[in-house]
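Reading through the structure tokens given below for one structure.
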Amino acid sequence: MAWTHVVPDLLGVFFFAVSGSLLAVRRRFDIVGSLLLGTCVGLGGGILRDVILDDGVPRAFDSPVYLVPPLVAALVVYFFAHVVHRFHDVLLTFDAAGMALFSVTGTLLALDAGMNHAAASILGVVTAVGGGVIRDVVANDVPQIFRSRGLYAIPALLGAGLTALASWAGWFGLVTGWVVAVLVFGLRMVSLRYRWQAPPAARVDL
């Protein structure tokens, strides 16, 4: 796995882990619960990705470096939760950052494993939203992907699709990856700000 993939992947783990530890604070978990919930969300999407790829031991277990970001996140939240708590939607901000990075790295890793571009895009979305779903279910909260406020899976799909398209066209590079991640993050945050919603499951209420 190239370092150009590792660094954003580890950042994604950290951002997601912070969101998990912040949710643990809201649920009044102890420090162990904070670490475990941060680990669930930080590594959950990547583990799902690696299990689907069937490419040996998941990176979260094969590379000890992946255990560092959740630990750092739990410590950061432990010492500074009282500072960030005053900022509105800080949990959703960290969640959006992790989702944006994972939509790119998840797609790239799937492509590196030999998946076609369409399948890699789908796996990129699974990587981006999987950890958040695990976090919210474990914490007995409504998963963000099912909430009406803001777009969630759509920004992830956009990021994964653009990553796969750029790779197919031979345009993908370090700068391209960061541009796509920033675009996904921006779309998610704007959708939260203006409460954009995806179309309902049915055109009319039943």
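By convention in this document, the chains of the structure tokens carry letters A, B, ... by their order, each chain's residues are numbered from 1, and ligands are numbered from 1 in the order they are shown.
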
DSSP on the backbone, then: every residue of segment 57-169 of chain A marked helix (DSSP H, G or I), written as JSON, numbers by chain. {"A": [59, 60, 61, 62, 64, 65, 66, 67, 68, 69, 70, 71, 72, 73, 74, 75, 76, 77, 78, 79, 80, 81, 82, 83, 84, 90, 91, 92, 93, 94, 95, 96, 97, 98, 99, 100, 101, 102, 103, 104, 105, 106, 107, 108, 109, 110, 111, 112, 117, 118, 119, 120, 121, 122, 123, 124, 125, 126, 127, 128, 129, 130, 131, 132, 133, 134, 135, 136, 137, 138, 144, 145, 146, 153, 154, 155, 156, 157, 158, 159, 160, 161, 162, 163, 164, 165, 166, 167, 168, 169]}

Which neighbours of segment 29-34 of chain A fall inside 9 Å, counting only C-alpha atoms, when residues of the same chain fewer than 2 positions from it are skipped, and could you give them as a list in words? Ala17, Gly20, Ser21, Leu22, Leu23, Ala24, Val25, Arg26, Arg27, Leu36, Leu37, Gly38, Thr39, Ala74, Leu75, Val77 and Tyr78 of chain A

With only C-alpha atoms as the counted atoms, please give the residues lying no more than 8 Å from Leu11 of chain A, apart from itself and same-chain residues fewer than 3 positions off, as a count of residues only. 7

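Going from atom CA of Gly130 of chain A over to atom CA of Cys40 of chain A, you cover 9.9 Å.
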
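If you look at atom CA of Leu151 of chain A and atom CA of Met189 of chain A, they are 8.7 Å away from each other.
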
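Here atom CA of Leu91 of chain A is placed at a distance of 25.7 Å from atom CA of Leu162 of chain A.
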
Choose the residue, out of A:Thr107, A:Thr93, A:Asn140, A:Ser63, that has the smallest atom-to-atom separation from Ala160 of chain A; count only C-alpha atoms.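 The shortest atom-to-atom distance to Ala160 of chain A comes from A:Thr107.
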
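Taking only C-alpha atoms into account, Val51 of chain A lies nearest to A:Val126 out of the set A:Val133, A:Val204, A:Val126, A:Ile145.
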
Within 12 Å of segment 117-119 of chain A, counting only C-alpha atoms, which residues qualify if same-chain residues fewer than 6 places away don't, as a count of residues only? 22
